[in-house]
file protein-v2.pdb (PDB, N, CA and C atoms, pLDDT in the B column)
MODEL        1
ATOM      1  N   MET K 151     -23.506   7.576  -3.610  1.00 49.00           N
ATOM      2  CA  MET K 151     -22.090   7.291  -3.723  1.00 49.00           C
ATOM      3  C   MET K 151     -21.657   7.567  -5.158  1.00 49.00           C
ATOM      4  N   PRO K 152     -20.564   8.324  -5.348  1.00 48.00           N
ATOM      5  CA  PRO K 152     -20.118   8.627  -6.717  1.00 48.00           C
ATOM      6  C   PRO K 152     -19.581   7.388  -7.415  1.00 48.00           C
ATOM      7  N   LYS K 153     -19.766   7.343  -8.721  1.00 59.00           N
ATOM      8  CA  LYS K 153     -19.225   6.233  -9.505  1.00 59.00           C
ATOM      9  C   LYS K 153     -17.729   6.389  -9.686  1.00 59.00           C
ATOM     10  N   SER K 154     -17.267   7.615  -9.779  1.00 62.00           N
ATOM     11  CA  SER K 154     -15.832   7.844  -9.926  1.00 62.00           C
ATOM     12  C   SER K 154     -15.510   9.238  -9.422  1.00 62.00           C
ATOM     13  N   PHE K 155     -14.270   9.414  -9.042  1.00 69.00           N
ATOM     14  CA  PHE K 155     -13.817  10.725  -8.612  1.00 69.00           C
ATOM     15  C   PHE K 155     -12.317  10.797  -8.826  1.00 69.00           C
ATOM     16  N   ASN K 156     -11.800  12.002  -8.860  1.00 73.00           N
ATOM     17  CA  ASN K 156     -10.368  12.217  -9.087  1.00 73.00           C
ATOM     18  C   ASN K 156      -9.730  12.787  -7.837  1.00 73.00           C
ATOM     19  N   ILE K 157      -8.540  12.263  -7.532  1.00 79.00           N
ATOM     20  CA  ILE K 157      -7.755  12.766  -6.407  1.00 79.00           C
ATOM     21  C   ILE K 157      -6.334  12.959  -6.905  1.00 79.00           C
ATOM     22  N   GLU K 158      -5.770  14.100  -6.616  1.00 82.00           N
ATOM     23  CA  GLU K 158      -4.370  14.341  -6.975  1.00 82.00           C
ATOM     24  C   GLU K 158      -3.491  13.373  -6.190  1.00 82.00           C
ATOM     25  N   ARG K 159      -2.476  12.838  -6.850  1.00 82.00           N
ATOM     26  CA  ARG K 159      -1.610  11.833  -6.229  1.00 82.00           C
ATOM     27  C   ARG K 159      -1.035  12.316  -4.894  1.00 82.00           C
ATOM     28  N   GLU K 160      -0.599  13.579  -4.847  1.00 82.00           N
ATOM     29  CA  GLU K 160       0.014  14.076  -3.613  1.00 82.00           C
ATOM     30  C   GLU K 160      -0.979  14.184  -2.456  1.00 82.00           C
ATOM     31  N   ASN K 161      -2.290  14.117  -2.756  1.00 86.00           N
ATOM     32  CA  ASN K 161      -3.308  14.170  -1.705  1.00 86.00           C
ATOM     33  C   ASN K 161      -3.720  12.781  -1.214  1.00 86.00           C
ATOM     34  N   LEU K 162      -3.175  11.738  -1.834  1.00 86.00           N
ATOM     35  CA  LEU K 162      -3.468  10.389  -1.373  1.00 86.00           C
ATOM     36  C   LEU K 162      -2.717  10.119  -0.072  1.00 86.00           C
ATOM     37  N   PRO K 163      -3.304   9.333   0.814  1.00 88.00           N
ATOM     38  CA  PRO K 163      -2.585   8.977   2.042  1.00 88.00           C
ATOM     39  C   PRO K 163      -1.282   8.240   1.704  1.00 88.00           C
ATOM     40  N   PRO K 164      -0.260   8.375   2.537  1.00 91.00           N
ATOM     41  CA  PRO K 164       1.022   7.697   2.276  1.00 91.00           C
ATOM     42  C   PRO K 164       0.879   6.193   2.065  1.00 91.00           C
ATOM     43  N   VAL K 165      -0.039   5.558   2.770  1.00 91.00           N
ATOM     44  CA  VAL K 165      -0.194   4.107   2.608  1.00 91.00           C
ATOM     45  C   VAL K 165      -0.679   3.769   1.196  1.00 91.00           C
ATOM     46  N   VAL K 166      -1.566   4.582   0.636  1.00 86.00           N
ATOM     47  CA  VAL K 166      -2.063   4.342  -0.726  1.00 86.00           C
ATOM     48  C   VAL K 166      -0.946   4.599  -1.735  1.00 86.00           C
ATOM     49  N   GLN K 167      -0.155   5.637  -1.515  1.00 89.00           N
ATOM     50  CA  GLN K 167       0.989   5.885  -2.394  1.00 89.00           C
ATOM     51  C   GLN K 167       1.959   4.712  -2.343  1.00 89.00           C
ATOM     52  N   GLY K 168       2.109   4.106  -1.160  1.00 91.00           N
ATOM     53  CA  GLY K 168       2.943   2.907  -1.027  1.00 91.00           C
ATOM     54  C   GLY K 168       2.384   1.740  -1.815  1.00 91.00           C
ATOM     55  N   TRP K 169       1.055   1.563  -1.794  1.00 87.00           N
ATOM     56  CA  TRP K 169       0.420   0.500  -2.580  1.00 87.00           C
ATOM     57  C   TRP K 169       0.749   0.677  -4.052  1.00 87.00           C
ATOM     58  N   LEU K 170       0.655   1.915  -4.536  1.00 87.00           N
ATOM     59  CA  LEU K 170       0.914   2.185  -5.949  1.00 87.00           C
ATOM     60  C   LEU K 170       2.360   1.854  -6.314  1.00 87.00           C
ATOM     61  N   ARG K 171       3.289   2.177  -5.430  1.00 89.00           N
ATOM     62  CA  ARG K 171       4.697   1.831  -5.696  1.00 89.00           C
ATOM     63  C   ARG K 171       4.884   0.320  -5.742  1.00 89.00           C
ATOM     64  N   VAL K 172       4.289  -0.388  -4.794  1.00 89.00           N
ATOM     65  CA  VAL K 172       4.454  -1.841  -4.704  1.00 89.00           C
ATOM     66  C   VAL K 172       3.932  -2.547  -5.946  1.00 89.00           C
ATOM     67  N   VAL K 173       2.793  -2.104  -6.476  1.00 85.00           N
ATOM     68  CA  VAL K 173       2.196  -2.785  -7.629  1.00 85.00           C
ATOM     69  C   VAL K 173       2.651  -2.200  -8.960  1.00 85.00           C
ATOM     70  N   GLY K 174       3.639  -1.308  -8.918  1.00 86.00           N
ATOM     71  CA  GLY K 174       4.215  -0.793 -10.157  1.00 86.00           C
ATOM     72  C   GLY K 174       3.391   0.270 -10.856  1.00 86.00           C
ATOM     73  N   LEU K 175       2.542   0.970 -10.117  1.00 85.00           N
ATOM     74  CA  LEU K 175       1.707   2.008 -10.716  1.00 85.00           C
ATOM     75  C   LEU K 175       2.106   3.414 -10.263  1.00 85.00           C
ATOM     76  N   ALA K 176       3.239   3.545  -9.605  1.00 86.00           N
ATOM     77  CA  ALA K 176       3.639   4.841  -9.040  1.00 86.00           C
ATOM     78  C   ALA K 176       3.870   5.903 -10.108  1.00 86.00           C
ATOM     79  N   ASP K 177       4.260   5.510 -11.321  1.00 85.00           N
ATOM     80  CA  ASP K 177       4.546   6.479 -12.376  1.00 85.00           C
ATOM     81  C   ASP K 177       3.372   6.730 -13.311  1.00 85.00           C
ATOM     82  N   GLU K 178       2.257   6.042 -13.091  1.00 82.00           N
ATOM     83  CA  GLU K 178       1.088   6.221 -13.958  1.00 82.00           C
ATOM     84  C   GLU K 178       0.447   7.578 -13.713  1.00 82.00           C
ATOM     85  N   GLU K 179       0.003   8.214 -14.787  1.00 82.00           N
ATOM     86  CA  GLU K 179      -0.675   9.510 -14.651  1.00 82.00           C
ATOM     87  C   GLU K 179      -2.039   9.349 -13.998  1.00 82.00           C
ATOM     88  N   THR K 180      -2.742   8.285 -14.356  1.00 82.00           N
ATOM     89  CA  THR K 180      -4.076   8.013 -13.820  1.00 82.00           C
ATOM     90  C   THR K 180      -4.142   6.562 -13.374  1.00 82.00           C
ATOM     91  N   VAL K 181      -4.707   6.341 -12.202  1.00 84.00           N
ATOM     92  CA  VAL K 181      -4.866   4.988 -11.657  1.00 84.00           C
ATOM     93  C   VAL K 181      -6.281   4.867 -11.132  1.00 84.00           C
ATOM     94  N   GLU K 182      -6.918   3.736 -11.412  1.00 81.00           N
ATOM     95  CA  GLU K 182      -8.236   3.471 -10.840  1.00 81.00           C
ATOM     96  C   GLU K 182      -8.052   2.755  -9.505  1.00 81.00           C
ATOM     97  N   ILE K 183      -8.710   3.260  -8.492  1.00 80.00           N
ATOM     98  CA  ILE K 183      -8.748   2.609  -7.191  1.00 80.00           C
ATOM     99  C   ILE K 183     -10.208   2.255  -6.955  1.00 80.00           C
ATOM    100  N   ILE K 184     -10.492   0.972  -6.896  1.00 77.00           N
ATOM    101  CA  ILE K 184     -11.874   0.494  -6.827  1.00 77.00           C
ATOM    102  C   ILE K 184     -12.080  -0.163  -5.462  1.00 77.00           C
ATOM    103  N   PHE K 185     -13.047   0.335  -4.719  1.00 78.00           N
ATOM    104  CA  PHE K 185     -13.351  -0.222  -3.410  1.00 78.00           C
ATOM    105  C   PHE K 185     -14.579  -1.114  -3.525  1.00 78.00           C
ATOM    106  N   THR K 186     -14.456  -2.368  -3.080  1.00 76.00           N
ATOM    107  CA  THR K 186     -15.598  -3.270  -3.027  1.00 76.00           C
ATOM    108  C   THR K 186     -15.854  -3.592  -1.556  1.00 76.00           C
ATOM    109  N   GLU K 187     -16.809  -4.465  -1.301  1.00 78.00           N
ATOM    110  CA  GLU K 187     -17.103  -4.815   0.088  1.00 78.00           C
ATOM    111  C   GLU K 187     -15.926  -5.517   0.753  1.00 78.00           C
ATOM    112  N   SER K 188     -15.136  -6.260  -0.017  1.00 81.00           N
ATOM    113  CA  SER K 188     -14.097  -7.085   0.606  1.00 81.00           C
ATOM    114  C   SER K 188     -12.683  -6.815   0.119  1.00 81.00           C
ATOM    115  N   GLU K 189     -12.490  -5.892  -0.820  1.00 81.00           N
ATOM    116  CA  GLU K 189     -11.143  -5.676  -1.337  1.00 81.00           C
ATOM    117  C   GLU K 189     -10.994  -4.297  -1.963  1.00 81.00           C
ATOM    118  N   VAL K 190      -9.745  -3.915  -2.154  1.00 79.00           N
ATOM    119  CA  VAL K 190      -9.398  -2.694  -2.861  1.00 79.00           C
ATOM    120  C   VAL K 190      -8.623  -3.113  -4.102  1.00 79.00           C
ATOM    121  N   LEU K 191      -9.059  -2.672  -5.269  1.00 80.00           N
ATOM    122  CA  LEU K 191      -8.408  -3.026  -6.527  1.00 80.00           C
ATOM    123  C   LEU K 191      -7.678  -1.808  -7.069  1.00 80.00           C
ATOM    124  N   LEU K 192      -6.459  -2.001  -7.509  1.00 80.00           N
ATOM    125  CA  LEU K 192      -5.672  -0.943  -8.132  1.00 80.00           C
ATOM    126  C   LEU K 192      -5.367  -1.378  -9.545  1.00 80.00           C
ATOM    127  N   ARG K 193      -5.612  -0.507 -10.522  1.00 81.00           N
ATOM    128  CA  ARG K 193      -5.314  -0.880 -11.908  1.00 81.00           C
ATOM    129  C   ARG K 193      -5.138   0.356 -12.778  1.00 81.00           C
ATOM    130  N   ARG K 194      -4.488   0.129 -13.909  1.00 80.00           N
ATOM    131  CA  ARG K 194      -4.406   1.168 -14.934  1.00 80.00           C
ATOM    132  C   ARG K 194      -5.788   1.268 -15.570  1.00 80.00           C
ATOM    133  N   PRO K 195      -6.259   2.457 -15.808  1.00 76.00           N
ATOM    134  CA  PRO K 195      -7.579   2.565 -16.445  1.00 76.00           C
ATOM    135  C   PRO K 195      -7.522   2.109 -17.901  1.00 76.00           C
ATOM    136  N   MET K 196      -8.600   1.486 -18.332  1.00 73.00           N
ATOM    137  CA  MET K 196      -8.693   1.051 -19.722  1.00 73.00           C
ATOM    138  C   MET K 196      -9.015   2.231 -20.616  1.00 73.00           C
ATOM    139  N   SER K 197      -8.624   2.127 -21.862  1.00 76.00           N
ATOM    140  CA  SER K 197      -8.979   3.156 -22.828  1.00 76.00           C
ATOM    141  C   SER K 197     -10.495   3.094 -23.078  1.00 76.00           C
ATOM    142  N   PRO K 198     -11.106   4.183 -23.512  1.00 76.00           N
ATOM    143  CA  PRO K 198     -12.553   4.160 -23.799  1.00 76.00           C
ATOM    144  C   PRO K 198     -12.922   3.097 -24.832  1.00 76.00           C
ATOM    145  N   GLN K 199     -12.052   2.880 -25.815  1.00 78.00           N
ATOM    146  CA  GLN K 199     -12.345   1.865 -26.836  1.00 78.00           C
ATOM    147  C   GLN K 199     -12.338   0.461 -26.216  1.00 78.00           C
ATOM    148  N   LEU K 200     -11.366   0.197 -25.337  1.00 71.00           N
ATOM    149  CA  LEU K 200     -11.301  -1.113 -24.697  1.00 71.00           C
ATOM    150  C   LEU K 200     -12.478  -1.302 -23.752  1.00 71.00           C
ATOM    151  N   ARG K 201     -12.887  -0.242 -23.067  1.00 71.00           N
ATOM    152  CA  ARG K 201     -14.060  -0.333 -22.196  1.00 71.00           C
ATOM    153  C   ARG K 201     -15.312  -0.693 -23.005  1.00 71.00           C
ATOM    154  N   ALA K 202     -15.486  -0.057 -24.149  1.00 75.00           N
ATOM    155  CA  ALA K 202     -16.659  -0.343 -24.990  1.00 75.00           C
ATOM    156  C   ALA K 202     -16.635  -1.788 -25.463  1.00 75.00           C
ATOM    157  N   TRP K 203     -15.467  -2.265 -25.875  1.00 72.00           N
ATOM    158  CA  TRP K 203     -15.340  -3.654 -26.331  1.00 72.00           C
ATOM    159  C   TRP K 203     -15.616  -4.612 -25.176  1.00 72.00           C
ATOM    160  N   ALA K 204     -15.037  -4.350 -23.995  1.00 70.00           N
ATOM    161  CA  ALA K 204     -15.209  -5.234 -22.843  1.00 70.00           C
ATOM    162  C   ALA K 204     -16.672  -5.277 -22.407  1.00 70.00           C
ATOM    163  N   LYS K 205     -17.350  -4.129 -22.474  1.00 71.00           N
ATOM    164  CA  LYS K 205     -18.762  -4.105 -22.083  1.00 71.00           C
ATOM    165  C   LYS K 205     -19.579  -4.994 -23.001  1.00 71.00           C
ATOM    166  N   GLY K 206     -19.328  -4.928 -24.300  1.00 73.00           N
ATOM    167  CA  GLY K 206     -20.048  -5.781 -25.241  1.00 73.00           C
ATOM    168  C   GLY K 206     -19.789  -7.253 -24.990  1.00 73.00           C
ATOM    169  N   VAL K 207     -18.540  -7.596 -24.707  1.00 69.00           N
ATOM    170  CA  VAL K 207     -18.192  -8.997 -24.448  1.00 69.00           C
ATOM    171  C   VAL K 207     -18.825  -9.460 -23.142  1.00 69.00           C
ATOM    172  N   SER K 208     -18.728  -8.644 -22.087  1.00 69.00           N
ATOM    173  CA  SER K 208     -19.308  -9.055 -20.807  1.00 69.00           C
ATOM    174  C   SER K 208     -20.821  -9.158 -20.914  1.00 69.00           C
ATOM    175  N   ASP K 209     -21.454  -8.263 -21.680  1.00 73.00           N
ATOM    176  CA  ASP K 209     -22.896  -8.353 -21.880  1.00 73.00           C
ATOM    177  C   ASP K 209     -23.264  -9.668 -22.563  1.00 73.00           C
ATOM    178  N   LYS K 210     -22.453 -10.079 -23.544  1.00 76.00           N
ATOM    179  CA  LYS K 210     -22.719 -11.328 -24.251  1.00 76.00           C
ATOM    180  C   LYS K 210     -22.624 -12.522 -23.302  1.00 76.00           C
ATOM    181  N   TYR K 211     -21.590 -12.545 -22.453  1.00 70.00           N
ATOM    182  CA  TYR K 211     -21.435 -13.644 -21.498  1.00 70.00           C
ATOM    183  C   TYR K 211     -22.516 -13.602 -20.432  1.00 70.00           C
ATOM    184  N   ASP K 212     -22.905 -12.410 -20.020  1.00 74.00           N
ATOM    185  CA  ASP K 212     -23.967 -12.271 -19.030  1.00 74.00           C
ATOM    186  C   ASP K 212     -25.282 -12.809 -19.587  1.00 74.00           C
ATOM    187  N   ARG K 213     -25.588 -12.495 -20.851  1.00 77.00           N
ATOM    188  CA  ARG K 213     -26.813 -13.018 -21.472  1.00 77.00           C
ATOM    189  C   ARG K 213     -26.770 -14.541 -21.546  1.00 77.00           C
ATOM    190  N   ALA K 214     -25.606 -15.098 -21.925  1.00 79.00           N
ATOM    191  CA  ALA K 214     -25.477 -16.547 -22.020  1.00 79.00           C
ATOM    192  C   ALA K 214     -25.652 -17.194 -20.650  1.00 79.00           C
ATOM    193  N   PHE K 215     -25.047 -16.609 -19.614  1.00 76.00           N
ATOM    194  CA  PHE K 215     -25.163 -17.150 -18.272  1.00 76.00           C
ATOM    195  C   PHE K 215     -26.620 -17.135 -17.820  1.00 76.00           C
ATOM    196  N   ARG K 216     -27.299 -16.002 -18.052  1.00 78.00           N
ATOM    197  CA  ARG K 216     -28.703 -15.909 -17.631  1.00 78.00           C
ATOM    198  C   ARG K 216     -29.559 -16.938 -18.380  1.00 78.00           C
ATOM    199  N   GLU K 217     -29.242 -17.159 -19.641  1.00 81.00           N
ATOM    200  CA  GLU K 217     -29.986 -18.140 -20.423  1.00 81.00           C
ATOM    201  C   GLU K 217     -29.766 -19.545 -19.878  1.00 81.00           C
ATOM    202  N   ILE K 218     -28.512 -19.858 -19.548  1.00 83.00           N
ATOM    203  CA  ILE K 218     -28.179 -21.202 -19.034  1.00 83.00           C
ATOM    204  C   ILE K 218     -28.872 -21.469 -17.699  1.00 83.00           C
ATOM    205  N   VAL K 219     -28.862 -20.504 -16.799  1.00 81.00           N
ATOM    206  CA  VAL K 219     -29.457 -20.723 -15.478  1.00 81.00           C
ATOM    207  C   VAL K 219     -30.948 -20.392 -15.410  1.00 81.00           C
ATOM    208  N   GLY K 220     -31.504 -19.921 -16.525  1.00 77.00           N
ATOM    209  CA  GLY K 220     -32.932 -19.686 -16.597  1.00 77.00           C
ATOM    210  C   GLY K 220     -33.411 -18.425 -15.891  1.00 77.00           C
ATOM    211  N   LEU K 221     -32.576 -17.411 -15.857  1.00 67.00           N
ATOM    212  CA  LEU K 221     -32.991 -16.139 -15.241  1.00 67.00           C
ATOM    213  C   LEU K 221     -33.626 -15.220 -16.260  1.00 67.00           C
TER
ENDMDL
END
call {"tool": "encode", "arguments": {"input": "protein-v2.pdb", "output": "structure tokens"}}
result
Amino acid sequence: MPKSFNIERENLPPVVQGWLRVVGLADEETVEIIFTESEVLLRRPMSPQLRAWAKGVSDKYDRAFREIVGL
């Protein structure tokens, strides 16, 4: 399964284009659509700098959580 892929907006199904309009992302050049087992997430993609910062922060919290629960 690919980690990411690009689809031109006009090739998205009408229902997905409707989702983007409803959540205020219809005018965005790029939108992340993330499929999980139980939900579909729509969001503006983060900048590479923000992604790097968020990864460091989440790694720090993940280490703390593992330490607390003894994993």
call {"tool": "residues_around", "arguments": {"input": "protein-v2.pdb", "residues": "Leu175 of chain K", "least_positions_apart": "6", "cutoff": "8 Å", "atoms": "only N, CA and C atoms", "output": "list in words"}}
result
Trp169, Val181, Leu192, Arg193 and Arg194 of chain K
call {"tool": "atom_distance", "arguments": {"input": "protein-v2.pdb", "atom1": "atom C of Glu179 of chain K", "atom2": "atom N of Asp209 of chain K"}}
result
27.3 Å
call {"tool": "atom_distance", "arguments": {"input": "protein-v2.pdb", "atom1": "atom CA of Ile184 of chain K", "atom2": "atom CA of Val166 of chain K"}}
result
12.2 Å
call {"tool": "atom_distance", "arguments": {"input": "protein-v2.pdb", "atom1": "atom CA of Pro195 of chain K", "atom2": "atom C of Gly168 of chain K"}}
result
17.7 Å
call {"tool": "select_by_dssp", "arguments": {"input": "protein-v2.pdb", "residues": "chain K", "states": "helix (DSSP H, G or I)", "output": "VMD selection string"}}
result
chain K and resid 159 to 161 164 to 172 198 to 219
call {"tool": "select_by_dssp", "arguments": {"input": "protein-v2.pdb", "residues": "chain K", "states": "strand (DSSP E)", "output": "number ranges by chain"}}
result
K: 182-185, 190-193
call {"tool": "write_last_selection", "arguments": {"input": "protein-v2.pdb", "atoms": "N, CA and C atoms", "output": "mmCIF file, keeping the file's coordinate frame"}}
result
data_model
loop_
_atom_site.group_PDB
_atom_site.id
_atom_site.type_symbol
_atom_site.label_atom_id
_atom_site.label_comp_id
_atom_site.auth_asym_id
_atom_site.auth_seq_id
_atom_site.Cartn_x
_atom_site.Cartn_y
_atom_site.Cartn_z
ATOM 1 N N GLU K 182 -6.918 3.736 -11.412
ATOM 2 C CA GLU K 182 -8.236 3.471 -10.840
ATOM 3 C C GLU K 182 -8.052 2.755 -9.505
ATOM 4 N N ILE K 183 -8.710 3.260 -8.492
ATOM 5 C CA ILE K 183 -8.748 2.609 -7.191
ATOM 6 C C ILE K 183 -10.208 2.255 -6.955
ATOM 7 N N ILE K 184 -10.492 0.972 -6.896
ATOM 8 C CA ILE K 184 -11.874 0.494 -6.827
ATOM 9 C C ILE K 184 -12.080 -0.163 -5.462
ATOM 10 N N PHE K 185 -13.047 0.335 -4.719
ATOM 11 C CA PHE K 185 -13.351 -0.222 -3.410
ATOM 12 C C PHE K 185 -14.579 -1.114 -3.525
ATOM 13 N N VAL K 190 -9.745 -3.915 -2.154
ATOM 14 C CA VAL K 190 -9.398 -2.694 -2.861
ATOM 15 C C VAL K 190 -8.623 -3.113 -4.102
ATOM 16 N N LEU K 191 -9.059 -2.672 -5.269
ATOM 17 C CA LEU K 191 -8.408 -3.026 -6.527
ATOM 18 C C LEU K 191 -7.678 -1.808 -7.069
ATOM 19 N N LEU K 192 -6.459 -2.001 -7.509
ATOM 20 C CA LEU K 192 -5.672 -0.943 -8.132
ATOM 21 C C LEU K 192 -5.367 -1.378 -9.545
ATOM 22 N N ARG K 193 -5.612 -0.507 -10.522
ATOM 23 C CA ARG K 193 -5.314 -0.880 -11.908
ATOM 24 C C ARG K 193 -5.138 0.356 -12.778
#
